[in-house]
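Student: My structure is stored as work27.cif, with mmCIF, C-alpha atoms and all ligand atoms.
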```cif
data_data
loop_
_atom_site.label_atom_id
_atom_site.label_comp_id
_atom_site.auth_asym_id
_atom_site.auth_seq_id
_atom_site.Cartn_x
_atom_site.Cartn_y
_atom_site.Cartn_z
CA PRO A 7 -28.60 43.77 15.46
CA VAL A 8 -25.04 42.53 15.85
CA GLY A 9 -26.22 39.27 17.51
CA ILE A 10 -28.37 38.33 14.53
CA GLN A 11 -25.64 39.27 12.03
CA THR A 12 -23.13 37.17 13.95
CA GLY A 13 -25.62 34.32 14.02
CA VAL A 14 -26.16 34.54 10.25
CA VAL A 15 -22.42 34.66 9.56
CA LEU A 16 -21.79 31.72 11.89
CA PHE A 17 -24.56 29.73 10.24
CA TRP A 18 -23.18 30.55 6.75
CA PHE A 19 -19.68 29.60 7.93
CA LYS A 20 -20.95 26.31 9.38
CA MET A 21 -22.73 25.42 6.14
CA LYS A 22 -19.58 26.20 4.11
CA VAL A 23 -17.35 24.11 6.40
CA SER A 24 -19.81 21.26 6.24
CA ARG A 25 -19.94 21.47 2.41
CA ILE A 26 -16.12 21.57 2.13
CA LEU A 27 -15.80 18.58 4.49
CA TRP A 28 -18.39 16.72 2.47
CA LEU A 29 -16.56 17.42 -0.78
CA LEU A 30 -13.24 16.35 0.74
CA CYS A 31 -14.77 13.14 2.03
CA LYS A 32 -16.38 12.45 -1.33
CA LYS A 33 -13.10 13.02 -3.14
CA SER A 34 -11.11 10.76 -0.83
CA GLY A 35 -13.70 8.01 -0.98
CA VAL A 36 -14.23 8.24 2.77
CA ARG A 37 -17.84 8.38 3.69
CA THR A 38 -19.40 10.83 6.12
CA GLN A 39 -22.51 9.38 7.69
CA THR A 40 -24.79 11.99 6.16
CA VAL A 41 -28.34 12.76 7.07
CA CYS A 42 -30.80 14.89 5.19
CA THR A 43 -30.47 18.26 6.83
CA GLY A 44 -26.92 18.49 5.56
CA VAL A 45 -25.83 17.90 9.14
CA SER A 46 -23.65 14.81 9.29
CA THR A 47 -24.26 12.14 11.88
CA ASN A 48 -20.88 13.09 13.26
CA GLN A 49 -22.05 16.63 13.76
CA GLN A 50 -25.14 15.32 15.47
CA HIS A 51 -22.94 13.41 17.90
CA LYS A 52 -21.10 16.61 18.68
CA GLN A 53 -24.42 18.34 19.26
CA LEU A 54 -25.28 15.69 21.84
CA SER A 55 -22.72 17.16 24.19
CA SER A 56 -24.22 20.65 23.87
CA THR A 57 -27.64 20.79 25.50
CA SER A 58 -28.61 24.04 23.80
CA ALA A 59 -27.96 22.58 20.36
CA VAL A 60 -29.55 19.21 20.96
CA TYR A 61 -33.07 20.21 20.10
CA ARG A 62 -32.20 22.44 17.15
CA TYR A 63 -32.51 19.50 14.75
CA SER A 64 -35.16 17.60 16.63
CA THR A 65 -37.88 17.35 15.49
CA THR A 66 -41.30 17.32 14.11
CA SER A 67 -41.00 13.69 13.07
CA SER A 68 -42.71 10.96 15.01
CA ILE A 69 -39.41 9.70 16.41
CA SER A 70 -37.01 12.23 17.85
CA HIS A 71 -34.30 9.96 19.21
CA CYS A 72 -32.71 6.65 18.49
CA THR A 73 -30.32 4.31 20.26
CA ALA A 74 -27.08 3.82 18.35
CA LEU A 75 -23.90 1.79 18.76
CA ILE A 76 -21.23 4.45 18.49
CA TYR A 77 -17.43 4.39 18.51
CA ARG A 78 -15.45 7.54 19.19
CA LYS A 79 -12.00 6.07 18.57
CA HIS A 80 -10.61 3.02 16.77
CA GLY A 81 -9.66 -0.07 18.74
CA ASP A 82 -10.97 -3.33 20.14
CA PRO A 83 -14.74 -3.30 19.45
CA ALA A 84 -15.45 -4.63 22.95
CA GLN A 85 -13.70 -1.56 24.38
CA VAL A 86 -14.69 1.24 22.05
CA VAL A 87 -18.30 0.57 21.01
CA GLN A 88 -20.98 1.94 23.30
CA SER A 89 -24.73 2.35 23.21
CA GLU A 90 -25.85 5.98 23.18
CA SER A 91 -29.02 7.96 22.65
CA MET A 92 -28.86 10.14 19.54
CA ASN A 93 -31.29 12.81 18.46
CA LEU A 94 -32.71 12.61 14.94
CA PRO A 95 -33.03 15.54 12.52
CA ASN A 96 -36.24 16.65 10.85
CA VAL A 97 -37.24 14.62 7.83
CA GLY A 98 -36.09 16.86 4.98
CA ALA A 99 -37.86 17.02 1.62
CA LYS A 100 -35.68 14.34 -0.01
CA CYS A 101 -35.29 12.20 3.10
CA VAL A 102 -36.90 9.25 4.76
CA LEU A 103 -37.29 8.38 8.42
CA VAL A 104 -36.61 4.69 8.87
CA LYS A 105 -36.78 2.17 11.66
CA ILE A 106 -33.83 -0.21 11.36
CA LEU A 107 -35.20 -3.74 11.72
CA ALA A 108 -32.08 -5.90 11.69
CA ALA A 109 -28.37 -5.42 10.94
CA PRO A 110 -25.60 -8.03 10.84
CA ILE A 111 -22.09 -7.82 12.24
CA ASN A 112 -19.73 -8.50 9.35
CA PRO A 113 -15.92 -8.78 9.42
CA SER A 114 -15.68 -5.43 7.58
CA ASP A 115 -17.67 -3.75 10.38
CA ILE A 116 -15.14 -5.09 12.89
CA ASN A 117 -12.22 -3.93 10.71
CA MET A 118 -13.76 -0.46 10.39
CA ILE A 119 -14.00 -0.16 14.17
CA GLN A 120 -10.42 -1.41 14.52
CA GLY A 121 -9.39 1.23 11.98
CA THR A 122 -7.89 -1.29 9.56
CA TYR A 123 -10.49 -1.20 6.75
CA ALA A 124 -9.96 0.46 3.36
CA ILE A 125 -12.60 3.10 4.06
CA LEU A 126 -13.24 4.66 7.46
CA PRO A 127 -16.00 7.06 8.45
CA ASP A 128 -15.21 10.22 10.42
CA LEU A 129 -15.35 9.70 14.17
CA PRO A 130 -17.48 9.46 16.15
CA ALA A 131 -19.34 7.01 13.94
CA VAL A 132 -22.25 4.61 14.17
CA GLY A 133 -21.18 1.02 13.51
CA GLY A 134 -22.61 -1.25 10.84
CA ASN A 135 -22.65 -1.13 7.05
CA GLU A 136 -25.52 -3.44 6.25
CA GLY A 137 -29.09 -4.05 7.39
CA VAL A 138 -32.73 -3.68 6.49
CA ALA A 139 -34.95 -0.80 7.55
CA GLN A 140 -38.64 0.00 7.26
CA VAL A 141 -39.68 3.40 5.99
CA LEU A 142 -41.86 5.24 8.55
CA GLU A 143 -42.10 8.71 7.01
CA VAL A 144 -41.10 10.29 3.70
CA GLY A 145 -40.22 13.89 2.85
CA SER A 146 -42.39 15.95 0.49
CA GLN A 147 -40.13 15.35 -2.56
CA VAL A 148 -39.52 11.65 -2.08
CA LYS A 149 -40.74 9.87 -5.20
CA ALA A 150 -39.79 6.22 -5.07
CA LEU A 151 -40.45 5.27 -1.44
CA LYS A 152 -43.50 5.16 0.82
CA PRO A 153 -44.15 4.24 4.46
CA GLY A 154 -43.94 0.48 4.96
CA ASP A 155 -41.28 -0.09 2.26
CA TRP A 156 -38.15 -2.01 3.18
CA VAL A 157 -34.83 -0.45 2.25
CA ILE A 158 -31.15 -1.37 2.43
CA PRO A 159 -28.07 0.87 2.08
CA ARG A 160 -26.71 1.50 -1.42
CA ASP A 161 -23.15 1.99 -0.18
CA ALA A 162 -20.91 1.19 2.77
CA GLY A 163 -20.59 3.45 5.80
CA LEU A 164 -24.23 4.25 6.56
CA GLY A 165 -24.07 3.25 10.23
CA THR A 166 -26.84 0.67 10.54
CA TRP A 167 -26.44 -0.32 14.18
CA ARG A 168 -29.14 1.98 15.48
CA THR A 169 -32.85 1.82 16.05
CA ALA A 170 -33.82 4.60 13.63
CA ALA A 171 -32.30 7.08 11.20
CA VAL A 172 -33.16 9.91 8.85
CA LEU A 173 -31.52 9.13 5.52
CA ALA A 174 -31.32 10.64 2.07
CA GLU A 175 -33.65 8.79 -0.30
CA GLU A 176 -30.70 8.33 -2.66
CA ASP A 177 -28.67 6.49 0.02
CA VAL A 178 -31.08 3.55 0.13
CA ILE A 179 -32.73 1.15 -2.28
CA SER A 180 -35.97 -0.73 -1.75
CA LEU A 181 -36.44 -4.47 -1.41
CA PRO A 182 -39.64 -6.49 -1.47
CA ASN A 183 -40.95 -6.60 2.10
CA ASP A 184 -42.26 -10.14 1.83
CA ILE A 185 -38.88 -11.89 1.91
CA PRO A 186 -37.59 -13.22 5.26
CA LEU A 187 -36.21 -10.49 7.53
CA LEU A 188 -32.80 -12.16 7.91
CA SER A 189 -32.47 -12.57 4.13
CA ALA A 190 -33.17 -8.87 3.66
CA ALA A 191 -30.79 -7.83 6.46
CA THR A 192 -27.92 -9.83 4.99
CA LEU A 193 -28.57 -9.39 1.25
CA GLY A 194 -26.69 -6.24 0.32
CA VAL A 195 -23.09 -7.36 0.85
CA ASN A 196 -22.39 -11.09 0.88
CA PRO A 197 -24.90 -12.53 -1.64
CA CYS A 198 -24.11 -9.59 -3.97
CA THR A 199 -20.41 -10.44 -3.67
CA ALA A 200 -21.11 -14.12 -4.35
CA LEU A 201 -23.27 -13.39 -7.39
CA ARG A 202 -20.79 -10.94 -8.93
CA MET A 203 -17.85 -13.31 -8.46
CA LEU A 204 -19.76 -16.17 -10.05
CA THR A 205 -20.78 -13.94 -12.96
CA ASP A 206 -18.03 -11.46 -13.78
CA PHE A 207 -14.78 -13.46 -13.92
CA GLU A 208 -15.36 -16.73 -15.79
CA ASP A 209 -18.05 -17.84 -18.21
CA LEU A 210 -19.41 -20.62 -16.01
CA LYS A 211 -21.75 -23.17 -17.53
CA PRO A 212 -23.87 -25.87 -15.84
CA GLY A 213 -21.54 -28.71 -14.88
CA ASP A 214 -18.50 -26.44 -14.38
CA THR A 215 -16.76 -26.42 -11.02
CA VAL A 216 -15.90 -23.64 -8.56
CA ILE A 217 -13.62 -24.19 -5.56
CA GLN A 218 -13.74 -21.91 -2.52
CA ASN A 219 -12.28 -21.63 0.98
CA ALA A 220 -14.13 -20.17 4.02
CA ALA A 221 -17.06 -22.05 2.49
CA ASN A 222 -19.07 -21.77 5.71
CA SER A 223 -18.80 -17.96 5.72
CA ALA A 224 -21.83 -15.91 4.70
CA VAL A 225 -20.22 -15.29 1.30
CA GLY A 226 -19.42 -19.02 1.01
CA GLN A 227 -22.98 -20.06 1.82
CA ALA A 228 -24.31 -17.66 -0.82
CA VAL A 229 -21.78 -19.00 -3.37
CA ILE A 230 -22.94 -22.57 -2.68
CA GLN A 231 -26.62 -21.73 -3.16
CA ILE A 232 -26.30 -19.42 -6.18
CA ALA A 233 -23.94 -21.87 -7.89
CA ALA A 234 -26.33 -24.78 -7.19
CA ALA A 235 -29.21 -22.76 -8.66
CA LYS A 236 -27.14 -22.34 -11.85
CA GLY A 237 -26.14 -26.02 -11.99
CA ILE A 238 -22.51 -25.24 -11.10
CA GLN A 239 -20.67 -27.70 -8.87
CA THR A 240 -18.83 -26.43 -5.79
CA ILE A 241 -15.85 -27.82 -3.89
CA ASN A 242 -16.10 -26.24 -0.47
CA VAL A 243 -13.09 -25.99 1.80
CA VAL A 244 -13.49 -25.38 5.54
CA ARG A 245 -11.23 -25.54 8.57
CA ASP A 246 -11.38 -28.75 10.57
CA ARG A 247 -13.49 -28.59 13.75
CA PRO A 248 -15.09 -30.96 16.24
CA ASP A 249 -18.52 -30.73 14.55
CA PHE A 250 -17.15 -31.16 11.00
CA THR A 251 -19.78 -33.78 10.06
CA THR A 252 -22.62 -31.49 11.12
CA LEU A 253 -21.10 -28.72 9.00
CA ILE A 254 -20.79 -31.04 5.98
CA ASP A 255 -24.47 -31.95 6.33
CA ARG A 256 -25.49 -28.30 6.63
CA LEU A 257 -23.53 -27.15 3.58
CA LYS A 258 -24.64 -30.15 1.50
CA ALA A 259 -28.27 -29.43 2.41
CA MET A 260 -27.69 -25.96 0.88
CA GLY A 261 -26.44 -27.49 -2.36
CA ALA A 262 -22.68 -27.98 -1.79
CA SER A 263 -21.36 -30.68 -4.14
CA HIS A 264 -18.29 -31.50 -2.02
CA VAL A 265 -17.12 -30.32 1.42
CA ILE A 266 -13.49 -30.94 2.36
CA LYS A 267 -11.05 -29.90 5.09
CA GLU A 268 -8.17 -27.49 4.35
CA GLU A 269 -5.64 -30.35 4.72
CA THR A 270 -7.40 -32.43 2.06
CA LEU A 271 -6.30 -29.84 -0.52
CA ARG A 272 -2.79 -31.26 -0.21
CA ARG A 273 -3.81 -34.96 -0.29
CA PRO A 274 -3.97 -37.42 -3.22
CA GLU A 275 -7.66 -38.08 -2.53
CA LEU A 276 -8.44 -34.79 -4.29
CA LYS A 277 -7.21 -36.41 -7.54
CA GLU A 278 -9.92 -39.01 -7.04
CA LEU A 279 -12.49 -36.25 -6.75
CA PHE A 280 -11.36 -34.78 -10.08
CA LYS A 281 -12.21 -38.10 -11.77
CA SER A 282 -15.89 -37.30 -11.16
CA CYS A 283 -15.93 -33.52 -11.67
CA PRO A 284 -13.93 -31.14 -13.85
CA ARG A 285 -11.10 -29.11 -12.35
CA PRO A 286 -12.38 -25.69 -11.23
CA LYS A 287 -12.49 -22.81 -13.71
CA LEU A 288 -12.79 -20.44 -10.75
CA ALA A 289 -11.35 -20.35 -7.23
CA LEU A 290 -12.78 -17.95 -4.65
CA ASN A 291 -10.45 -16.96 -1.85
CA GLY A 292 -11.69 -15.34 1.36
CA VAL A 293 -8.75 -16.48 3.50
CA GLY A 294 -5.34 -15.78 1.88
CA GLY A 295 -2.03 -17.35 2.92
CA LYS A 296 -1.43 -21.07 2.32
CA SER A 297 -5.11 -21.77 1.88
CA ALA A 298 -5.20 -19.56 -1.24
CA THR A 299 -2.04 -21.11 -2.68
CA GLU A 300 -3.53 -24.58 -2.24
CA LEU A 301 -6.76 -23.54 -3.99
CA LEU A 302 -4.73 -22.15 -6.85
CA ARG A 303 -2.97 -25.45 -7.49
CA HIS A 304 -6.24 -27.08 -8.48
CA VAL A 305 -7.56 -24.43 -10.89
CA GLN A 306 -7.69 -25.54 -14.53
CA VAL A 307 -5.41 -24.01 -17.18
CA GLY A 308 -6.53 -20.48 -18.03
CA GLY A 309 -8.86 -20.25 -15.02
CA SER A 310 -9.08 -17.56 -12.34
CA ILE A 311 -8.57 -17.11 -8.64
CA VAL A 312 -10.52 -14.20 -7.20
CA THR A 313 -9.60 -12.90 -3.76
CA TYR A 314 -12.34 -11.11 -1.83
CA GLY A 315 -11.25 -11.56 1.79
CA GLY A 316 -8.16 -12.11 3.88
CA MET A 317 -9.36 -13.76 7.09
CA ALA A 318 -5.96 -15.37 7.78
CA LYS A 319 -4.26 -11.96 7.42
CA GLN A 320 -1.47 -13.64 5.39
CA PRO A 321 -0.20 -12.71 1.91
CA ILE A 322 -0.68 -15.11 -0.99
CA THR A 323 2.19 -16.96 -2.64
CA VAL A 324 1.51 -17.60 -6.31
CA PRO A 325 3.61 -20.48 -7.72
CA VAL A 326 5.50 -19.36 -10.81
CA SER A 327 4.24 -22.42 -12.68
CA ALA A 328 0.63 -21.30 -12.12
CA LEU A 329 1.41 -18.11 -14.05
CA ILE A 330 3.73 -19.50 -16.75
CA PHE A 331 2.34 -22.92 -17.54
CA LYS A 332 -1.28 -22.53 -16.49
CA ASN A 333 -1.83 -18.82 -17.19
CA ILE A 334 -4.04 -18.51 -14.11
CA LYS A 335 -5.56 -15.05 -13.73
CA VAL A 336 -5.06 -13.67 -10.22
CA GLN A 337 -7.64 -11.01 -9.46
CA GLY A 338 -9.55 -9.33 -6.64
CA PHE A 339 -13.11 -8.20 -6.03
CA TRP A 340 -14.62 -5.57 -3.73
CA VAL A 341 -18.40 -5.17 -3.79
CA THR A 342 -18.19 -1.60 -2.45
CA GLN A 343 -16.16 -0.59 -5.48
CA TRP A 344 -18.55 -2.43 -7.79
CA LYS A 345 -21.48 -0.49 -6.30
CA ARG A 346 -19.62 2.80 -6.60
CA ASN A 347 -18.66 2.03 -10.21
CA HIS A 348 -22.33 1.40 -10.96
CA SER A 349 -23.80 4.20 -8.83
CA GLN A 350 -25.05 6.07 -11.93
CA ASP A 351 -26.51 2.89 -13.41
CA GLU A 352 -29.69 2.36 -11.37
CA GLY A 353 -30.52 -0.77 -13.38
CA ALA A 354 -27.32 -2.62 -12.46
CA LEU A 355 -27.90 -2.70 -8.69
CA ARG A 356 -31.65 -3.17 -9.13
CA SER A 357 -31.29 -6.15 -11.47
CA MET A 358 -28.72 -7.80 -9.18
CA LEU A 359 -31.07 -7.42 -6.18
CA ASP A 360 -34.02 -8.64 -8.27
CA GLU A 361 -32.08 -11.75 -9.28
CA LEU A 362 -31.18 -12.49 -5.65
CA CYS A 363 -34.72 -11.81 -4.39
CA SER A 364 -36.10 -14.08 -7.08
CA LEU A 365 -33.81 -16.88 -5.83
CA ILE A 366 -35.01 -16.18 -2.27
CA CYS A 367 -38.66 -16.37 -3.35
CA GLN A 368 -37.97 -19.67 -5.14
CA GLY A 369 -36.44 -21.06 -1.92
CA LYS A 370 -33.03 -21.36 -3.62
CA LEU A 371 -31.24 -18.75 -1.51
CA THR A 372 -31.64 -18.58 2.26
CA ALA A 373 -29.95 -16.28 4.75
CA PRO A 374 -26.70 -17.60 6.24
CA ALA A 375 -26.99 -19.37 9.57
CA CYS A 376 -27.68 -16.48 11.98
CA SER A 377 -27.92 -15.76 15.69
CA GLU A 378 -30.41 -13.00 16.37
CA VAL A 379 -29.32 -10.75 19.22
CA GLY A 380 -31.12 -7.79 20.83
CA LEU A 381 -29.33 -4.45 20.35
CA GLN A 382 -28.78 -4.21 24.11
CA ASP A 383 -26.70 -7.41 23.97
CA PHE A 384 -24.33 -5.97 21.38
CA GLY A 385 -21.26 -6.70 23.55
CA THR A 386 -21.89 -10.44 23.44
CA ALA A 387 -22.67 -10.28 19.73
CA LEU A 388 -19.44 -8.40 18.93
CA ASP A 389 -17.48 -10.89 20.98
CA LYS A 390 -19.06 -13.89 19.21
CA ALA A 391 -18.57 -12.30 15.79
CA MET A 392 -14.83 -12.28 16.41
CA GLN A 393 -14.54 -15.89 17.62
CA PRO A 394 -13.42 -18.68 15.25
CA PHE A 395 -15.67 -21.63 14.39
CA THR A 396 -18.92 -19.89 15.37
CA SER A 397 -20.57 -20.72 12.01
CA ALA A 398 -23.35 -18.21 12.69
CA LYS A 399 -23.66 -14.60 11.61
CA GLN A 400 -24.52 -12.33 14.54
CA VAL A 401 -27.52 -10.18 13.58
CA LEU A 402 -28.64 -7.28 15.77
CA VAL A 403 -32.42 -7.15 15.89
CA MET A 404 -33.88 -3.76 16.89
N1 LIG B 501 -14.46 -8.06 -1.15
C1 LIG B 501 -15.75 -7.93 -0.89
O1 LIG B 501 -16.49 -7.26 -1.60
C2 LIG B 501 -16.30 -8.64 0.30
C3 LIG B 501 -17.67 -8.73 0.49
C4 LIG B 501 -18.14 -9.46 1.57
C5 LIG B 501 -17.25 -10.04 2.45
N2 LIG B 501 -15.93 -9.88 2.25
C6 LIG B 501 -14.94 -10.51 3.11
O2 LIG B 501 -15.16 -11.90 3.05
C7 LIG B 501 -14.74 -12.51 4.24
C8 LIG B 501 -15.90 -13.34 4.78
O3 LIG B 501 -16.97 -12.46 5.15
P1 LIG B 501 -18.32 -13.08 5.73
O4 LIG B 501 -19.22 -11.99 6.19
O5 LIG B 501 -18.84 -14.02 4.73
O6 LIG B 501 -17.71 -13.87 6.98
P2 LIG B 501 -18.41 -14.65 8.17
O7 LIG B 501 -19.75 -15.13 7.78
O8 LIG B 501 -18.29 -13.81 9.39
O9 LIG B 501 -17.45 -15.90 8.32
C9 LIG B 501 -16.08 -15.75 8.59
C10 LIG B 501 -15.37 -16.86 7.87
O10 LIG B 501 -13.96 -16.66 7.95
C11 LIG B 501 -13.35 -17.87 8.39
N3 LIG B 501 -12.13 -17.54 9.13
C12 LIG B 501 -12.01 -16.71 10.17
N4 LIG B 501 -10.73 -16.62 10.55
C13 LIG B 501 -10.02 -17.44 9.73
C14 LIG B 501 -8.65 -17.79 9.62
N5 LIG B 501 -7.74 -17.26 10.44
N6 LIG B 501 -8.30 -18.65 8.67
C15 LIG B 501 -9.22 -19.19 7.83
N7 LIG B 501 -10.53 -18.89 7.88
C16 LIG B 501 -10.93 -18.03 8.82
C17 LIG B 501 -14.39 -18.53 9.25
O11 LIG B 501 -14.11 -19.90 9.35
P3 LIG B 501 -14.29 -20.73 10.72
O12 LIG B 501 -15.73 -21.09 10.80
O13 LIG B 501 -13.40 -21.88 10.49
O14 LIG B 501 -13.85 -19.84 11.84
C18 LIG B 501 -15.64 -18.25 8.42
O15 LIG B 501 -15.74 -19.14 7.36
C19 LIG B 501 -14.30 -11.37 5.15
O16 LIG B 501 -12.93 -11.19 5.02
C20 LIG B 501 -15.03 -10.18 4.57
O17 LIG B 501 -14.41 -8.95 4.89
C21 LIG B 501 -15.44 -9.20 1.19
#
```
Can you present the structure in this file as structure tokens?
Ligand SMILES: NC(=O)c1ccc[n+]([C@@H]2O[C@H](COP(=O)([O-])OP(=O)(O)OC[C@H]3O[C@@H](n4cnc5c(N)ncnc54)[C@H](OP(=O)(O)O)[C@@H]3O)[C@@H](O)[C@H]2O)c1
Tutor:
Amino acid sequence: PVGIQTGVVLFWFKMKVSRILWLLCKKSGVRTQTVCTGVSTNQQHKQLSSTSAVYRYSTTSSISHCTALIYRKHGDPAQVVQSESMNLPNVGAKCVLVKILAAPINPSDINMIQGTYAILPDLPAVGGNEGVAQVLEVGSQVKALKPGDWVIPRDAGLGTWRTAAVLAEEDVISLPNDIPLLSAATLGVNPCTALRMLTDFEDLKPGDTVIQNAANSAVGQAVIQIAAAKGIQTINVVRDRPDFTTLIDRLKAMGASHVIKEETLRRPELKELFKSCPRPKLALNGVGGKSATELLRHVQVGGSIVTYGGMAKQPITVPVSALIFKNIKVQGFWVTQWKRNHSQDEGALRSMLDELCSLICQGKLTAPACSEVGLQDFGTALDKAMQPFTSAKQVLVM
């Protein structure tokens, strides 16, 4: 009958369009929030508005819907992010059904919603790039995961701000489920960034020094702890604030060797400090602007400055003398690119996570200071995540 033929043609056409879109996204480096049926999360959102289509992909799995924080256009997160119910697809053969347990709000999540980040998912999209989930169900061909396992995303753009998801097995990687929940939820981005930057740019030995700004950021806190575990000294630069002494105490308790204010970088007292510790081989810059230039001035001859963030939204001025007379290497790092470069090398990501989990188990690496917030209070959490001087990572707990 004509109706069936039309249906078959339409279905074939839909599959082709979806494949072409997927290939285009893959080629451009933009991620579609894929799920296992081959139907993207974006397509699922579109199905939500069509009642007849809603139940086509739901479901024989134990959970048929989830609550998700979705944005349909770019803009101020407070204005564009809303909580919506989303139906879940069947758990395909190579897929897993997961319950998201906790997911942080990172600056890159905010930038993605604002539309200013280097990679942007198709809209509408579920917010969140990081988080830990528990496997509830696995498809018939899933080999490496079982119910109860904890998993984190392998790449950016998964859309973690939701209560549950059906994901391709290959999009996630397992973690031990006996580490603290907040450590697991915040492991995949910031500690990985800290470890790579301390490993891949300079050959740091015990006793060497690293200087960093935004030292109270999640990346900064991981740098302090991983460096301390390796016997590397850290000079930690933070912005002045009313509770500066409390912050010094907190960072020193984590293993910070020195904690100074931004303005101290320009003062003679820093020369005093370099009488007791060597000049840094490595500077880590998460701020940009003047702060980065000031860090650079203190790096030893032949050392490196690695930029991983630009919180001040200001370009960096590199003094000519730093290049000519000190031969400072000026470089950048992006953990997303590192993960993509190593996506065919299963051992690289696994051994990095193992090293970090081992530090966690030894009590040498704790989660950054966090505020746990229920998913329903996401508005407050987004607001706090964008305020200065909060000194606490907002983590959505589902
Ligand atoms: N390249 C990569 O692979 C990579 C990976 C992870 C993170 N990042 C980037 O690293 C940065 C930190 O991320 P996070 O998750 O660790 O941050 P976070 O925990 O949310 O902390 C934000 C930090 O930025 C500081 N800050 C905010 N606005 C500032 C300004 N105008 N001037 C100076 N400092 C400012 C804050 O200092 P106050 O307490 O003084 O407000 C705080 O230290 C972000 O830019 C993020 O996108 C990059």
Student: Show which residues sit within 8 Å of range 208-224 of chain A, as JSON, numbers by chain. Count only C-alpha atoms, and ignore same-chain residues fewer than 3 positions away.
Tutor: {"A": [196, 197, 204, 205, 227, 228, 230, 236, 237, 238, 239, 240, 241, 242, 243, 244, 245, 253, 257, 268, 283, 284, 285, 286, 287, 288, 289, 290, 291, 292, 293, 297, 298, 301, 309, 310, 374, 375, 397, 399]}
Student: Using only C-alpha atoms and all ligand atoms for the distances, tell me which of A:Ala174, A:Leu371, A:Leu276, A:Ala162 is nearest to ligand LIG 501 (chain B).
Tutor: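 Of A:Ala174, A:Leu371, A:Leu276, A:Ala162, the one nearest ligand LIG 501 (chain B), counting only C-alpha atoms and all ligand atoms, is A:Ala162.
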Student: Name the residues in contact with Gly98 in chain A at a cut-off of 6 Å, using all atoms listed in the file, excluding same-chain residues fewer than 2 positions from it; report them as a list in words.
Tutor: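 Listing them by chain and then by number gives Cys42, Asn96, Lys100, Cys101 and Gly145 of chain A.
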Student: Between A:Val157, A:Ile254, A:Leu279, A:Ile111, which has the minimum distance to ligand LIG 501 (chain B) (counting only C-alpha atoms and all ligand atoms)?
Tutor: A:Ile111
Student: CA of Pro113 in chain A and atom C13 of ligand LIG 501 (chain B) are how many Å apart?
Tutor: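 Atom C13 of ligand LIG 501 (chain B) lies at a distance of 10.5 Å from CA of Pro113 in chain A.
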Student: Can you sort out the box for ligand LIG 501 (chain B), edges along x, y and z, all listed atoms in, 6 Å on every side, with centre and edge lengths in Å to one decimal, as AutoDock Vina command-line options?
Tutor:
```
--center_x -13.7 --center_y -14.6 --center_z 5.1 --size_x 24.0 --size_y 26.6 --size_z 25.4
```
Student: Quick one: residues within 7 Å of range 322-333 of chain A, all atoms listed in the file counted, chain neighbours fewer than 4 positions away excluded, as number ranges by chain?
Tutor: A: 294-296, 298-299, 307-308
Student: How many Å lie between CA of Pro153 in chain A and CA of Val141 in chain A, rounded to one decimal?
Tutor: 4.8 Å
Student: Mind pulling up the distance from CA of Pro95 in chain A to CA of Leu164 in chain A?
Tutor: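 Value for the CA of Leu164 in chain A-CA of Pro95 in chain A distance: 15.5 Å.
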Student: Pick out the closest residue to ligand LIG 501 (chain B) from this set: A:Ala191, A:Cys376, A:Ala150, A:Ala109. Count all atoms listed in the file.
Tutor: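 Among A:Ala191, A:Cys376, A:Ala150, A:Ala109, it is A:Cys376 that comes nearest to ligand LIG 501 (chain B).
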Student: Given the choices A:Ile179, A:Ala235, A:Leu94, A:Met260, which gets closest to Ser349 in chain A if the distance is worked out from only C-alpha atoms?
Tutor: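 Using only C-alpha atoms, the shortest distance to Ser349 in chain A belongs to A:Ile179.
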Student: Using all atoms listed in the file, determine which residues lie at most 10 Å from Arg160 in chain A, disregarding the query and same-chain residues fewer than 2 positions distant; provide the list as a PyMOL selection string.
Tutor: chain A and resi 135-136+157-158+162-164+176-180+194-195+342+345-346+349+355
Student: Quick one: everything within 7 Å of range 401-403 of chain A, counting all atoms listed in the file, minus sequence neighbours fewer than 4 positions away in the same chain. Send it as a ChimeraX atom specification.
Tutor: /A:107-111,376-381
Student: Pick out the closest residue to ligand LIG 501 (chain B) from this set: A:Gln231, A:Thr270, A:Thr192, A:Gln88. Count all atoms listed in the file.
Tutor: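 Of A:Gln231, A:Thr270, A:Thr192, A:Gln88, the one nearest ligand LIG 501 (chain B), counting all atoms listed in the file, is A:Thr192.
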Student: Give the answer as one residue: which of A:Ala391, A:Ile106, A:Leu173, A:Ile185 has the shortest atom-to-atom distance to ligand LIG 501 (chain B), using all atoms listed in the file?
Tutor: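 Residue with the minimum atom-to-atom distance to ligand LIG 501 (chain B): A:Ala391.
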Student: Using only C-alpha atoms, can you list as a list of chain:residue names the residues within 12 Å of (-40.2, -7.4, -1.2)?
Tutor: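 Protein, DNA and RNA residues close to (-40.2, -7.4, -1.2): A:Val138, A:Gln140, A:Gly154, A:Asp155, A:Trp156, A:Val157, A:Ile158, A:Ile179, A:Ser180, A:Leu181, A:Pro182, A:Asn183, A:Asp184, A:Ile185, A:Pro186, A:Leu187, A:Ser189, A:Ala190, A:Leu359, A:Asp360, A:Leu362, A:Cys363, A:Ser364, A:Ile366, A:Cys367.
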